[in-house]
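J.: Structure: final.cif, mmCIF, C-alpha atoms and all ligand atoms.
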data_upload
#
loop_
_atom_site.label_atom_id
_atom_site.label_comp_id
_atom_site.auth_asym_id
_atom_site.auth_seq_id
_atom_site.Cartn_x
_atom_site.Cartn_y
_atom_site.Cartn_z
CA MET P 3 86.35 84.90 113.85
CA SER P 4 87.83 88.36 114.47
CA LYS P 5 85.72 91.52 114.33
CA LYS P 6 85.78 92.92 110.78
CA VAL P 7 85.90 96.64 110.15
CA GLY P 8 85.81 97.94 106.57
CA GLY P 9 88.89 100.05 105.87
CA LEU P 10 90.06 99.66 109.50
CA ALA P 11 87.74 102.55 110.47
CA GLY P 12 88.14 103.44 114.13
CA ILE P 13 90.86 100.84 114.68
CA SER P 14 94.00 102.06 116.43
CA ALA P 15 97.01 100.79 114.51
CA GLY P 16 99.69 102.03 116.88
CA GLU P 17 100.94 104.92 118.98
CA THR P 18 102.40 108.22 117.88
CA LYS P 19 103.78 111.35 119.54
CA ILE P 20 103.62 113.35 116.32
CA SER P 21 100.03 114.56 116.09
CA SER P 22 96.59 114.14 117.57
CA ALA P 23 93.50 114.61 115.45
CA GLY P 24 90.42 114.69 117.61
CA GLY P 25 87.18 116.61 117.41
CA ALA P 26 86.04 119.41 115.20
CA HIS P 27 88.40 122.00 116.68
CA ASN P 28 91.43 120.02 117.65
CA LEU P 29 94.46 119.11 115.61
CA ARG P 30 97.84 119.36 117.28
CA TYR P 31 101.34 118.80 115.94
CA ARG P 32 103.54 117.50 118.77
CA GLY P 33 101.11 119.13 121.21
CA TYR P 34 100.87 122.53 119.48
CA SER P 35 97.51 123.67 118.12
CA ILE P 36 97.43 124.15 114.34
CA TYR P 37 95.67 127.47 114.99
CA ASP P 38 98.68 128.79 116.93
CA LEU P 39 101.10 127.40 114.36
CA CYS P 40 99.17 128.96 111.44
CA GLU P 41 99.00 132.30 113.19
CA HIS P 42 102.54 132.57 114.54
CA ALA P 43 104.86 130.10 112.82
CA CYS P 44 106.22 129.71 109.31
CA PHE P 45 106.24 126.39 107.45
CA GLU P 46 109.94 125.79 108.15
CA GLU P 47 109.32 126.13 111.89
CA VAL P 48 106.63 123.48 111.60
CA ALA P 49 108.83 121.28 109.42
CA TYR P 50 111.59 121.52 112.05
CA LEU P 51 109.10 120.73 114.81
CA LEU P 52 107.88 117.63 113.00
CA VAL P 53 111.21 116.29 111.74
CA TYR P 54 113.50 117.27 114.64
CA GLY P 55 110.92 117.01 117.45
CA THR P 56 110.95 120.50 119.02
CA LEU P 57 110.23 124.05 117.94
CA PRO P 58 113.46 125.68 116.76
CA THR P 59 115.11 128.65 118.44
CA GLN P 60 115.66 131.65 116.17
CA SER P 61 119.22 130.54 115.47
CA ASP P 62 118.08 126.96 114.79
CA LEU P 63 115.50 128.30 112.35
CA ASN P 64 118.00 130.57 110.61
CA ALA P 65 120.42 127.66 110.20
CA TYR P 66 117.62 125.36 109.03
CA GLN P 67 116.36 127.80 106.41
CA LYS P 68 119.92 128.37 105.23
CA LYS P 69 120.44 124.63 104.92
CA LEU P 70 117.20 124.12 102.98
CA LYS P 71 118.15 126.98 100.65
CA SER P 72 121.48 125.30 99.97
CA LEU P 73 119.74 122.03 99.02
CA ARG P 74 117.27 123.41 96.45
CA ASP P 75 119.15 122.86 93.21
CA LEU P 76 118.68 119.65 91.26
CA PRO P 77 121.53 117.47 89.96
CA GLN P 78 121.88 117.59 86.16
CA ALA P 79 121.12 113.85 85.98
CA LEU P 80 117.73 114.47 87.60
CA LYS P 81 116.99 117.38 85.26
CA ASP P 82 117.77 115.03 82.35
CA VAL P 83 115.25 112.50 83.71
CA LEU P 84 112.61 115.21 84.23
CA GLU P 85 113.03 116.33 80.61
CA LYS P 86 112.29 112.78 79.43
CA ILE P 87 109.00 112.45 81.33
CA PRO P 88 106.06 112.76 78.89
CA ALA P 89 104.18 116.06 78.97
CA ASP P 90 100.84 114.40 79.72
CA THR P 91 102.14 112.68 82.87
CA HIS P 92 100.33 113.55 86.07
CA PRO P 93 102.56 115.82 88.22
CA MET P 94 102.20 113.36 91.14
CA ASP P 95 103.81 110.70 88.98
CA VAL P 96 106.57 113.17 88.15
CA LEU P 97 107.30 113.66 91.85
CA ARG P 98 107.21 109.91 92.45
CA THR P 99 109.69 109.29 89.63
CA ALA P 100 111.93 112.20 90.68
CA THR P 101 111.96 110.98 94.30
CA SER P 102 112.87 107.49 93.21
CA PHE P 103 115.64 108.74 90.92
CA LEU P 104 117.04 111.05 93.59
CA GLY P 105 117.19 107.97 95.81
CA ASN P 106 119.32 106.31 93.10
CA ILE P 107 121.87 109.09 92.77
CA GLU P 108 121.80 110.29 96.38
CA PRO P 109 120.88 107.16 98.38
CA GLU P 110 119.80 107.65 101.94
CA ASN P 111 122.54 107.64 104.52
CA THR P 112 120.65 105.96 107.36
CA ASP P 113 123.06 107.49 109.90
CA ALA P 114 121.92 110.93 108.75
CA ALA P 115 118.38 110.28 107.54
CA THR P 116 117.26 113.82 108.38
CA HIS P 117 119.72 115.13 105.80
CA SER P 118 117.94 113.15 103.08
CA VAL P 119 114.60 114.43 104.43
CA ASP P 120 115.81 118.03 104.25
CA ARG P 121 117.02 117.38 100.71
CA LEU P 122 113.54 116.25 99.66
CA ILE P 123 111.81 119.19 101.39
CA ALA P 124 114.19 121.57 99.60
CA ALA P 125 114.08 119.89 96.18
CA PHE P 126 110.35 119.16 95.66
CA PRO P 127 109.41 122.66 94.40
CA ALA P 128 112.14 122.56 91.73
CA MET P 129 111.35 118.95 90.75
CA LEU P 130 107.79 120.01 89.99
CA CYS P 131 108.43 123.42 88.43
CA TYR P 132 111.45 122.43 86.33
CA TRP P 133 109.43 119.64 84.68
CA TRP P 134 106.35 121.84 84.35
CA HIS P 135 108.09 124.72 82.59
CA PHE P 136 110.08 122.37 80.36
CA LYS P 137 106.96 120.58 79.14
CA GLU P 138 104.99 123.82 78.77
CA THR P 139 107.65 125.93 77.02
CA GLY P 140 110.62 123.66 76.24
CA LYS P 141 112.73 126.01 78.37
CA ARG P 142 115.13 124.94 81.12
CA THR P 143 114.25 127.18 84.04
CA GLN P 144 116.06 127.97 87.25
CA CYS P 145 115.74 125.69 90.29
CA VAL P 146 117.00 128.11 92.94
CA THR P 147 115.70 131.41 94.25
CA ASP P 148 116.77 133.64 97.11
CA ALA P 149 113.40 133.15 98.87
CA GLU P 150 113.72 132.43 102.60
CA GLY P 151 110.84 129.98 102.76
CA THR P 152 109.34 127.14 100.74
CA ALA P 153 106.10 129.02 100.03
CA GLU P 154 107.82 131.96 98.37
CA HIS P 155 110.37 129.70 96.68
CA PHE P 156 107.67 127.56 95.07
CA LEU P 157 105.49 130.48 93.93
CA THR P 158 108.55 132.25 92.50
CA LEU P 159 109.65 129.17 90.56
CA LEU P 160 106.13 128.66 89.26
CA HIS P 161 105.30 132.22 88.22
CA GLY P 162 108.81 133.48 87.48
CA GLN P 163 108.37 136.38 89.88
CA LYS P 164 108.14 137.00 93.60
CA PRO P 165 104.61 136.44 94.96
CA SER P 166 102.65 139.14 96.77
CA ASP P 167 102.87 139.09 100.56
CA THR P 168 99.31 137.77 100.74
CA HIS P 169 100.03 134.90 98.36
CA ARG P 170 103.22 133.99 100.19
CA LYS P 171 101.43 134.04 103.54
CA MET P 172 98.44 132.02 102.29
CA MET P 173 100.71 129.40 100.72
CA ASP P 174 102.70 129.21 103.94
CA ILE P 175 99.50 128.62 105.95
CA SER P 176 98.38 125.99 103.49
CA LEU P 177 101.72 124.16 103.81
CA ILE P 178 101.35 124.19 107.61
CA LEU P 179 97.80 122.81 107.39
CA TYR P 180 98.83 119.99 105.07
CA ALA P 181 102.02 119.06 106.98
CA GLU P 182 100.80 116.28 109.24
CA HIS P 183 97.70 114.24 109.97
CA GLU P 184 98.31 111.20 112.13
CA PHE P 185 97.76 107.75 110.54
CA ASN P 186 96.22 108.90 107.25
CA ALA P 187 96.56 106.54 104.27
CA SER P 188 99.82 107.90 102.83
CA THR P 189 101.54 108.19 106.22
CA PHE P 190 100.44 104.70 107.14
CA THR P 191 101.81 103.49 103.80
CA ALA P 192 105.13 105.13 104.61
CA ARG P 193 105.17 103.46 108.02
CA VAL P 194 104.35 100.03 106.54
CA ILE P 195 107.23 100.35 104.06
CA THR P 196 109.57 101.66 106.76
CA ALA P 197 108.67 98.81 109.07
CA THR P 198 110.20 96.34 106.60
CA MET P 199 113.50 98.22 107.19
CA SER P 200 113.35 99.72 103.72
CA ASP P 201 114.80 103.12 102.82
CA LEU P 202 113.40 106.65 103.01
CA HIS P 203 112.95 107.11 99.25
CA SER P 204 110.96 103.87 98.94
CA ALA P 205 108.70 104.95 101.80
CA VAL P 206 108.17 108.40 100.27
CA CYS P 207 107.48 106.96 96.79
CA GLY P 208 104.84 104.67 98.32
CA ALA P 209 103.35 107.56 100.25
CA ILE P 210 103.13 109.69 97.10
CA GLY P 211 101.32 106.82 95.38
CA ALA P 212 98.80 106.59 98.22
CA LEU P 213 98.31 110.35 98.35
CA ARG P 214 97.62 110.56 94.62
CA GLY P 215 94.20 108.87 94.83
CA PRO P 216 91.05 111.02 94.91
CA LEU P 217 89.86 109.60 98.24
CA HIS P 218 93.03 111.07 99.79
CA GLY P 219 95.15 113.97 98.47
CA GLY P 220 93.81 113.82 94.93
CA ALA P 221 90.52 115.20 96.26
CA ASN P 222 91.74 118.81 96.02
CA GLU P 223 92.11 118.53 92.24
CA MET P 224 88.75 116.81 91.86
CA ALA P 225 87.13 119.50 94.04
CA MET P 226 88.45 122.18 91.67
CA GLU P 227 87.11 120.32 88.66
CA LEU P 228 83.72 120.18 90.36
CA ILE P 229 83.65 123.87 91.34
CA GLU P 230 84.65 124.94 87.82
CA LYS P 231 81.72 123.04 86.30
CA PHE P 232 79.30 125.67 87.57
CA LYS P 233 78.90 129.27 86.44
CA THR P 234 76.79 130.51 89.35
CA PRO P 235 75.99 129.50 92.97
CA ALA P 236 72.40 128.69 91.91
CA GLU P 237 73.67 126.35 89.18
CA ALA P 238 75.99 124.71 91.73
CA THR P 239 73.14 124.14 94.17
CA VAL P 240 71.02 122.33 91.59
CA GLY P 241 73.99 120.48 90.10
CA VAL P 242 75.24 119.10 93.40
CA GLN P 243 71.71 118.12 94.47
CA GLU P 244 71.46 116.09 91.26
CA MET P 245 74.86 114.52 91.86
CA LEU P 246 73.79 113.45 95.34
CA GLN P 247 70.61 111.95 93.93
CA ASN P 248 72.82 109.96 91.56
CA LYS P 249 74.85 108.84 94.61
CA ASP P 250 77.98 110.58 93.27
CA LEU P 251 80.83 111.30 95.67
CA ILE P 252 81.46 115.01 96.10
CA MET P 253 85.19 115.42 96.44
CA GLY P 254 86.49 117.55 99.29
CA PHE P 255 83.71 116.52 101.69
CA GLY P 256 83.59 114.07 104.56
CA HIS P 257 86.35 112.57 106.62
CA ARG P 258 87.24 109.27 108.19
CA VAL P 259 88.32 110.77 111.54
CA TYR P 260 86.19 113.91 111.93
CA THR P 261 82.43 113.70 112.27
CA GLU P 262 81.27 117.34 112.61
CA ALA P 263 83.94 119.47 110.94
CA ASP P 264 87.53 119.37 109.78
CA PRO P 265 89.41 121.75 112.13
CA ARG P 266 91.63 122.88 109.25
CA ASN P 267 88.68 124.02 107.15
CA ARG P 268 87.94 127.25 108.97
CA VAL P 269 91.52 128.42 108.40
CA ILE P 270 91.74 127.55 104.71
CA LYS P 271 88.23 128.83 104.03
CA LYS P 272 89.22 132.22 105.43
CA CYS P 273 92.31 132.20 103.18
CA SER P 274 90.20 131.34 100.14
CA LYS P 275 87.79 134.20 100.89
CA GLN P 276 90.61 136.69 101.41
CA LEU P 277 92.24 135.68 98.12
CA ALA P 278 88.90 135.95 96.27
CA GLU P 279 88.28 139.41 97.74
CA GLU P 280 91.77 140.50 96.83
CA GLN P 281 91.23 139.63 93.19
CA GLY P 282 87.83 141.32 93.26
CA ASN P 283 85.73 138.38 92.08
CA LEU P 284 83.82 136.35 94.64
CA ASN P 285 81.89 134.17 92.20
CA LEU P 286 84.03 131.04 92.51
CA TYR P 287 84.14 131.40 96.28
CA GLU P 288 80.37 131.78 96.40
CA ILE P 289 79.96 128.71 94.19
CA SER P 290 82.09 126.82 96.73
CA GLU P 291 79.91 128.05 99.57
CA ALA P 292 76.77 126.99 97.69
CA ILE P 293 78.20 123.47 97.36
CA GLU P 294 79.10 123.49 101.07
CA ASN P 295 75.51 124.46 101.96
CA VAL P 296 73.97 121.69 99.87
CA MET P 297 76.34 119.12 101.38
CA TRP P 298 75.48 120.17 104.89
CA ASN P 299 71.71 120.48 104.31
CA GLU P 300 71.35 117.23 102.38
CA LYS P 301 73.99 114.97 103.94
CA LYS P 302 75.36 116.71 107.06
CA LEU P 303 78.76 116.44 105.37
CA PHE P 304 81.33 119.20 105.87
CA PRO P 305 84.24 120.39 103.75
CA ASN P 306 87.61 118.85 104.53
CA LEU P 307 90.92 120.67 104.03
CA ASP P 308 90.96 119.81 100.33
CA PHE P 309 87.79 121.67 99.40
CA TYR P 310 88.74 125.31 100.04
CA SER P 311 92.42 124.59 99.34
CA ALA P 312 91.28 124.09 95.75
CA SER P 313 89.86 127.59 95.28
CA ALA P 314 92.66 129.15 97.36
CA TYR P 315 95.29 127.63 95.04
CA HIS P 316 93.25 128.59 91.98
CA PHE P 317 93.16 132.22 93.15
CA MET P 318 96.97 132.11 93.41
CA GLY P 319 97.17 131.13 89.73
CA ILE P 320 98.30 127.58 90.42
CA PRO P 321 97.39 125.00 87.74
CA THR P 322 95.01 122.35 89.09
CA GLY P 323 97.45 119.50 88.35
CA MET P 324 99.84 120.97 90.92
CA PHE P 325 97.38 120.92 93.83
CA THR P 326 98.19 117.43 95.10
CA PRO P 327 101.95 117.89 94.52
CA ILE P 328 101.78 120.92 96.86
CA PHE P 329 100.36 118.50 99.43
CA VAL P 330 103.52 116.39 98.89
CA MET P 331 105.80 119.43 99.40
CA SER P 332 104.21 119.87 102.78
CA ARG P 333 103.36 116.33 103.92
CA ILE P 334 106.94 115.14 103.35
CA THR P 335 107.55 116.62 106.80
CA GLY P 336 104.84 114.53 108.46
CA TRP P 337 105.84 111.42 106.51
CA ALA P 338 109.45 111.89 107.57
CA ALA P 339 108.50 112.34 111.21
CA HIS P 340 106.52 109.08 111.09
CA ILE P 341 109.29 107.23 109.25
CA LEU P 342 111.77 108.26 111.95
CA GLU P 343 109.30 107.43 114.74
CA GLN P 344 108.64 104.02 113.21
CA ARG P 345 112.37 103.31 113.04
CA GLY P 346 112.74 104.36 116.66
CA ASN P 347 110.57 101.49 117.86
CA ASN P 348 110.20 99.22 114.87
CA LYS P 349 107.99 96.19 114.46
CA LEU P 350 106.93 94.72 111.12
CA ILE P 351 103.37 95.84 110.27
CA ARG P 352 101.61 92.78 109.02
CA PRO P 353 97.93 92.39 109.96
CA ALA P 354 95.92 89.20 109.59
CA ALA P 355 93.00 88.62 107.19
CA ASP P 356 89.87 86.50 107.41
CA TYR P 357 89.89 84.11 104.46
CA THR P 358 86.50 84.04 102.70
CA GLY P 359 87.35 82.10 99.54
CA PRO P 360 86.54 78.47 98.66
CA GLU P 361 88.17 75.57 100.51
CA ASP P 362 89.36 72.10 99.47
CA LEU P 363 89.18 72.52 95.69
CA GLU P 364 90.40 69.60 93.65
CA TYR P 365 93.45 70.40 91.49
CA LEU P 366 92.71 69.56 87.84
CA PRO P 367 95.52 69.10 85.32
CA ILE P 368 95.44 71.99 82.83
CA GLU P 369 94.14 69.88 79.90
CA LYS P 370 91.07 68.87 81.90
CA ARG P 371 89.97 72.39 82.83
CA GLN P 372 86.75 73.66 81.23
CA VAL P 373 86.59 77.10 79.60
CA GLN P 374 84.32 79.16 81.87
CA ALA P 375 81.28 80.65 80.10
CA SER P 376 81.48 84.44 80.51
C1 LIG Q 1 86.98 110.84 103.09
C2 LIG Q 1 86.12 109.61 102.84
C3 LIG Q 1 86.91 108.63 101.95
C4 LIG Q 1 85.83 108.96 104.18
O1 LIG Q 1 85.21 107.77 103.87
P1 LIG Q 1 84.60 106.76 104.96
O2 LIG Q 1 85.04 107.11 106.31
O3 LIG Q 1 84.89 105.41 104.45
O4 LIG Q 1 83.07 107.11 104.90
P2 LIG Q 1 82.03 106.41 103.93
O5 LIG Q 1 82.58 106.39 102.54
O6 LIG Q 1 81.66 105.11 104.53
O7 LIG Q 1 80.84 107.43 104.01
C5 LIG Q 1 79.69 107.30 104.84
C6 LIG Q 1 78.47 107.73 104.03
O8 LIG Q 1 78.61 109.11 103.65
C7 LIG Q 1 78.63 109.21 102.23
N1 LIG Q 1 79.69 110.12 101.87
C8 LIG Q 1 80.89 110.27 102.50
N2 LIG Q 1 81.61 111.20 101.87
C9 LIG Q 1 80.85 111.63 100.85
C10 LIG Q 1 81.06 112.59 99.84
N3 LIG Q 1 82.20 113.28 99.79
N4 LIG Q 1 80.10 112.81 98.94
C11 LIG Q 1 78.96 112.12 98.99
N5 LIG Q 1 78.70 111.20 99.92
C12 LIG Q 1 79.63 110.96 100.84
C13 LIG Q 1 78.98 107.81 101.73
O9 LIG Q 1 78.52 107.61 100.41
C14 LIG Q 1 78.30 106.96 102.74
O10 LIG Q 1 76.92 106.96 102.45
P3 LIG Q 1 76.05 105.63 102.68
O11 LIG Q 1 76.15 105.36 104.16
O12 LIG Q 1 74.70 106.02 102.21
O13 LIG Q 1 76.71 104.57 101.85
C15 LIG Q 1 84.80 109.99 102.16
O14 LIG Q 1 84.14 110.96 102.94
C16 LIG Q 1 85.01 110.49 100.75
O15 LIG Q 1 85.08 109.69 99.82
N6 LIG Q 1 85.13 111.83 100.57
C17 LIG Q 1 85.42 112.38 99.28
C18 LIG Q 1 86.90 112.32 98.97
C19 LIG Q 1 87.69 113.29 99.80
O16 LIG Q 1 87.32 114.45 99.96
N7 LIG Q 1 88.82 112.83 100.30
C20 LIG Q 1 89.71 113.66 101.10
C21 LIG Q 1 89.68 113.23 102.52
S1 LIG Q 1 90.57 114.35 103.55
#
Just give me the structure of the file as structure tokens.
T.:
Amino acid sequence: MSKKVGGLAGISAGETKISSAGGAHNLRYRGYSIYDLCEHACFEEVAYLLVYGTLPTQSDLNAYQKKLKSLRDLPQALKDVLEKIPADTHPMDVLRTATSFLGNIEPENTDAATHSVDRLIAAFPAMLCYWWHFKETGKRTQCVTDAEGTAEHFLTLLHGQKPSDTHRKMMDISLILYAEHEFNASTFTARVITATMSDLHSAVCGAIGALRGPLHGGANEMAMELIEKFKTPAEATVGVQEMLQNKDLIMGFGHRVYTEADPRNRVIKKCSKQLAEEQGNLNLYEISEAIENVMWNEKKLFPNLDFYSASAYHFMGIPTGMFTPIFVMSRITGWAAHILEQRGNNKLIRPAADYTGPEDLEYLPIEKRQVQAS
């Protein structure tokens, strides 16, 4: 019998040149440290690096940003679909539906797959915000802005005005941090779908579905719900201690790959603090820190990227239901890089399983089967 490992923990499922996640202080995209990228690059530079394989020159970047800007608007047929989606739908389901529909009206041209990738990167902010404003106000809002980058474009569509420089910068950093993370569940899903020689939109729809769950991307929304339960740091300390006693999962903590710290946390935590200071109210940030302290003292568990992303987004006035969709706006770049890498050296991904069910059962005709007592 083969060695069994729950959830494939620690099992290598293939090779990649796209990122390496190792140790508390090391996450690299195509060899570049996330710390350097967050400090010096913008999200579009990182998107280009992931999707096209190298850092762009200034003229490459200018052309890339211009191209993305030109792809932001949504076709009327997609706006019509967005208007029909019920108001109580989760925004992740909206993005999944919109991605699928875009794949119907603008199917992937496999000879120019990166064009379809760029289209998705450019269109996600409008997909989300057009639906959001329509269901909130019944109004049909704009899908294009003159913003250079995705961060400013998204915040402008959401709030109807240009963001402050701090908000634009913090959103840009957050998009860089969320862009890529090796063989995480949604990326692996995208690779499995791709390996069957399916299309880009199917792989991205599957990835969105995997990301939606609270053990993966959905954790940032659950973390916000947790933080908002408490009025003070002291209340949070007691509350989380009780939750741990009840064996509850505390969302935004722990990680499958990292054992001591998530290297992205120190960057996003700093952003969250700066945003809290800027708005002159540190209470929510201090509640978050109180939760972090309990988790470390009681369980030696550390915050992952999702935990302080939650308060950072909250401080930027972003509704909680949009937190995981922002992850999609960013991670589309990593998914795309993996989809293209998978296609470059494809092999069907189809693991084996150890059968543990009954053997040699006698087939009974339906009229002879007994009703099982429940
Ligand atoms: C990320 C995660 C799914 C990794 O899971 P994993 O590698 O399978 O680790 P396990 O679930 O086996 O956790 C090991 C132990 O730590 C505990 N643990 C892990 N994360 C925990 C958390 N966030 N809150 C409370 N306990 C946690 C588990 O209950 C388990 O305890 P046990 O050994 O007493 O049963 C897990 O840490 C988790 O559920 N975190 C919360 C969701 C989250 O933040 N997801 C985003 C990930 S980036």
J.: Write out as a list in words which residues come within 10 Å of Leu157 in chain P when counting only C-alpha atoms, dropping same-chain ones fewer than 3 positions away.
T.: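 In the requested format, the answer is Pro127, Cys131, Ala149, Thr152, Ala153, Glu154, Leu160, His161, Gly162, Gln163, Lys164, Pro165, Ser166, His169, Arg170, Met173, Met318, Gly319 and Ile320 of chain P.
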J.: Write to file, as a compact mmCIF listing (two decimals), keeping the file's coordinate frame, the residues of the selection just made, with C-alpha atoms.
T.:
# COMPACT_ATOMS: atom_id res chain seq x y z
CA PRO P 127 109.41 122.66 94.40
CA CYS P 131 108.43 123.42 88.43
CA ALA P 149 113.40 133.15 98.87
CA THR P 152 109.34 127.14 100.74
CA ALA P 153 106.10 129.02 100.03
CA GLU P 154 107.82 131.96 98.37
CA LEU P 160 106.13 128.66 89.26
CA HIS P 161 105.30 132.22 88.22
CA GLY P 162 108.81 133.48 87.48
CA GLN P 163 108.37 136.38 89.88
CA LYS P 164 108.14 137.00 93.60
CA PRO P 165 104.61 136.44 94.96
CA SER P 166 102.65 139.14 96.77
CA HIS P 169 100.03 134.90 98.36
CA ARG P 170 103.22 133.99 100.19
CA MET P 173 100.71 129.40 100.72
CA MET P 318 96.97 132.11 93.41
CA GLY P 319 97.17 131.13 89.73
CA ILE P 320 98.30 127.58 90.42
J.: Work out how far CA of Ala89 in chain P is from CA of Phe232 in chain P, in Å to one decimal.
T.: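 A separation of 28.0 Å between them.
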J.: Residues within 7 Å of ligand LIG 1 (chain Q) (all atoms listed in the file), as a short mmCIF file (atom, residue, chain, number, x, y, z; two decimals) with C-alpha atoms, in the frame of the given file?
T.:
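What ended up in selection.cif:
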data_model
loop_
_atom_site.label_atom_id
_atom_site.label_comp_id
_atom_site.auth_asym_id
_atom_site.auth_seq_id
_atom_site.Cartn_x
_atom_site.Cartn_y
_atom_site.Cartn_z
CA GLY P 9 88.89 100.05 105.87
CA ALA P 11 87.74 102.55 110.47
CA PRO P 216 91.05 111.02 94.91
CA LEU P 217 89.86 109.60 98.24
CA HIS P 218 93.03 111.07 99.79
CA GLY P 219 95.15 113.97 98.47
CA ALA P 221 90.52 115.20 96.26
CA LEU P 246 73.79 113.45 95.34
CA LYS P 249 74.85 108.84 94.61
CA ASP P 250 77.98 110.58 93.27
CA LEU P 251 80.83 111.30 95.67
CA ILE P 252 81.46 115.01 96.10
CA MET P 253 85.19 115.42 96.44
CA GLY P 254 86.49 117.55 99.29
CA PHE P 255 83.71 116.52 101.69
CA GLY P 256 83.59 114.07 104.56
CA HIS P 257 86.35 112.57 106.62
CA ARG P 258 87.24 109.27 108.19
CA LEU P 303 78.76 116.44 105.37
CA ASN P 306 87.61 118.85 104.53
CA LEU P 307 90.92 120.67 104.03
CA ASP P 308 90.96 119.81 100.33
#
J.: Mind giving me the straight-line distance from CA of Ala209 in chain P to CA of Ala312 in chain P in Å, one decimal?
T.: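 Rounded to one decimal, the two atoms are 21.0 Å apart.
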J.: Got a sec: who's within 10 Å of Val119 in chain P, counting only C-alpha atoms, leaving out chain neighbours fewer than 6 positions off, as a list in words?
T.: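 Counting only C-alpha atoms, the residues come to Val53, Glu110, Ala125, Leu202, His203, Val206, Ile334, Thr335, Trp337, Ala338 and Ala339 of chain P.
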J.: What's around Thr112 in chain P at 10 Å? Count only C-alpha atoms, leave out sequence neighbours fewer than 5 positions away in its own chain, and write the answer as a ChimeraX atom specification.
T.: /P:117-118,201-202
J.: Any chance you can output those residues with C-alpha atoms as an mmCIF file, in the coordinates of the input?
T.:
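The resulting file, again-v5.cif, is shown below:
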data_model
loop_
_atom_site.group_PDB
_atom_site.id
_atom_site.type_symbol
_atom_site.label_atom_id
_atom_site.label_comp_id
_atom_site.auth_asym_id
_atom_site.auth_seq_id
_atom_site.Cartn_x
_atom_site.Cartn_y
_atom_site.Cartn_z
ATOM 1 C CA HIS P 117 119.720 115.130 105.800
ATOM 2 C CA SER P 118 117.940 113.150 103.080
ATOM 3 C CA ASP P 201 114.800 103.120 102.820
ATOM 4 C CA LEU P 202 113.400 106.650 103.010
#
J.: Could you list as a tab-separated table (two decimals) with C-alpha atoms, keeping the file's coordinate frame every residue that has an atom within 10 Å of (81.2, 129.5, 95.3), using the file's coordinates and counting only C-alpha atoms?
T.:
chain	number	residue	atom	x	y	z
P	229	ILE	CA	83.65	123.87	91.34
P	230	GLU	CA	84.65	124.94	87.82
P	232	PHE	CA	79.30	125.67	87.57
P	233	LYS	CA	78.90	129.27	86.44
P	234	THR	CA	76.79	130.51	89.35
P	235	PRO	CA	75.99	129.50	92.97
P	236	ALA	CA	72.40	128.69	91.91
P	238	ALA	CA	75.99	124.71	91.73
P	239	THR	CA	73.14	124.14	94.17
P	275	LYS	CA	87.79	134.20	100.89
P	284	LEU	CA	83.82	136.35	94.64
P	285	ASN	CA	81.89	134.17	92.20
P	286	LEU	CA	84.03	131.04	92.51
P	287	TYR	CA	84.14	131.40	96.28
P	288	GLU	CA	80.37	131.78	96.40
P	289	ILE	CA	79.96	128.71	94.19
P	290	SER	CA	82.09	126.82	96.73
P	291	GLU	CA	79.91	128.05	99.57
P	292	ALA	CA	76.77	126.99	97.69
P	293	ILE	CA	78.20	123.47	97.36
P	294	GLU	CA	79.10	123.49	101.07
P	310	TYR	CA	88.74	125.31	100.04
P	313	SER	CA	89.86	127.59	95.28
J.: Near Pro327 in chain P, within 12 Å and counting only C-alpha atoms, which residues show up once chain neighbours fewer than 2 positions away are dropped, as a PyMOL selection string?
T.: chain P and resi 92-98+126-131+134+156+177+180+209-211+213-215+219-223+315+320-325+329-334
J.: For the selection you just gave me, I'd like the residues written to a file as a compact mmCIF listing (two decimals), keeping the file's coordinate frame, keeping C-alpha atoms.
T.:
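Produced file out-v9.txt, reproduced below:
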# COMPACT_ATOMS: atom_id res chain seq x y z
CA HIS P 92 100.33 113.55 86.07
CA PRO P 93 102.56 115.82 88.22
CA MET P 94 102.20 113.36 91.14
CA ASP P 95 103.81 110.70 88.98
CA VAL P 96 106.57 113.17 88.15
CA LEU P 97 107.30 113.66 91.85
CA ARG P 98 107.21 109.91 92.45
CA PHE P 126 110.35 119.16 95.66
CA PRO P 127 109.41 122.66 94.40
CA ALA P 128 112.14 122.56 91.73
CA MET P 129 111.35 118.95 90.75
CA LEU P 130 107.79 120.01 89.99
CA CYS P 131 108.43 123.42 88.43
CA TRP P 134 106.35 121.84 84.35
CA PHE P 156 107.67 127.56 95.07
CA LEU P 177 101.72 124.16 103.81
CA TYR P 180 98.83 119.99 105.07
CA ALA P 209 103.35 107.56 100.25
CA ILE P 210 103.13 109.69 97.10
CA GLY P 211 101.32 106.82 95.38
CA LEU P 213 98.31 110.35 98.35
CA ARG P 214 97.62 110.56 94.62
CA GLY P 215 94.20 108.87 94.83
CA GLY P 219 95.15 113.97 98.47
CA GLY P 220 93.81 113.82 94.93
CA ALA P 221 90.52 115.20 96.26
CA ASN P 222 91.74 118.81 96.02
CA GLU P 223 92.11 118.53 92.24
CA TYR P 315 95.29 127.63 95.04
CA ILE P 320 98.30 127.58 90.42
CA PRO P 321 97.39 125.00 87.74
CA THR P 322 95.01 122.35 89.09
CA GLY P 323 97.45 119.50 88.35
CA MET P 324 99.84 120.97 90.92
CA PHE P 325 97.38 120.92 93.83
CA PHE P 329 100.36 118.50 99.43
CA VAL P 330 103.52 116.39 98.89
CA MET P 331 105.80 119.43 99.40
CA SER P 332 104.21 119.87 102.78
CA ARG P 333 103.36 116.33 103.92
CA ILE P 334 106.94 115.14 103.35
J.: Enclose all atoms of range 79-92 of chain P listed in the file in an axis-aligned box, grow every side by 6 Å, and hand back centre and edge lengths in Å to one decimal, as lines of an AutoDock Vina configuration file.
T.:
center_x = 110.7
center_y = 114.9
center_z = 83.2
size_x = 32.8
size_y = 16.9
size_z = 20.7
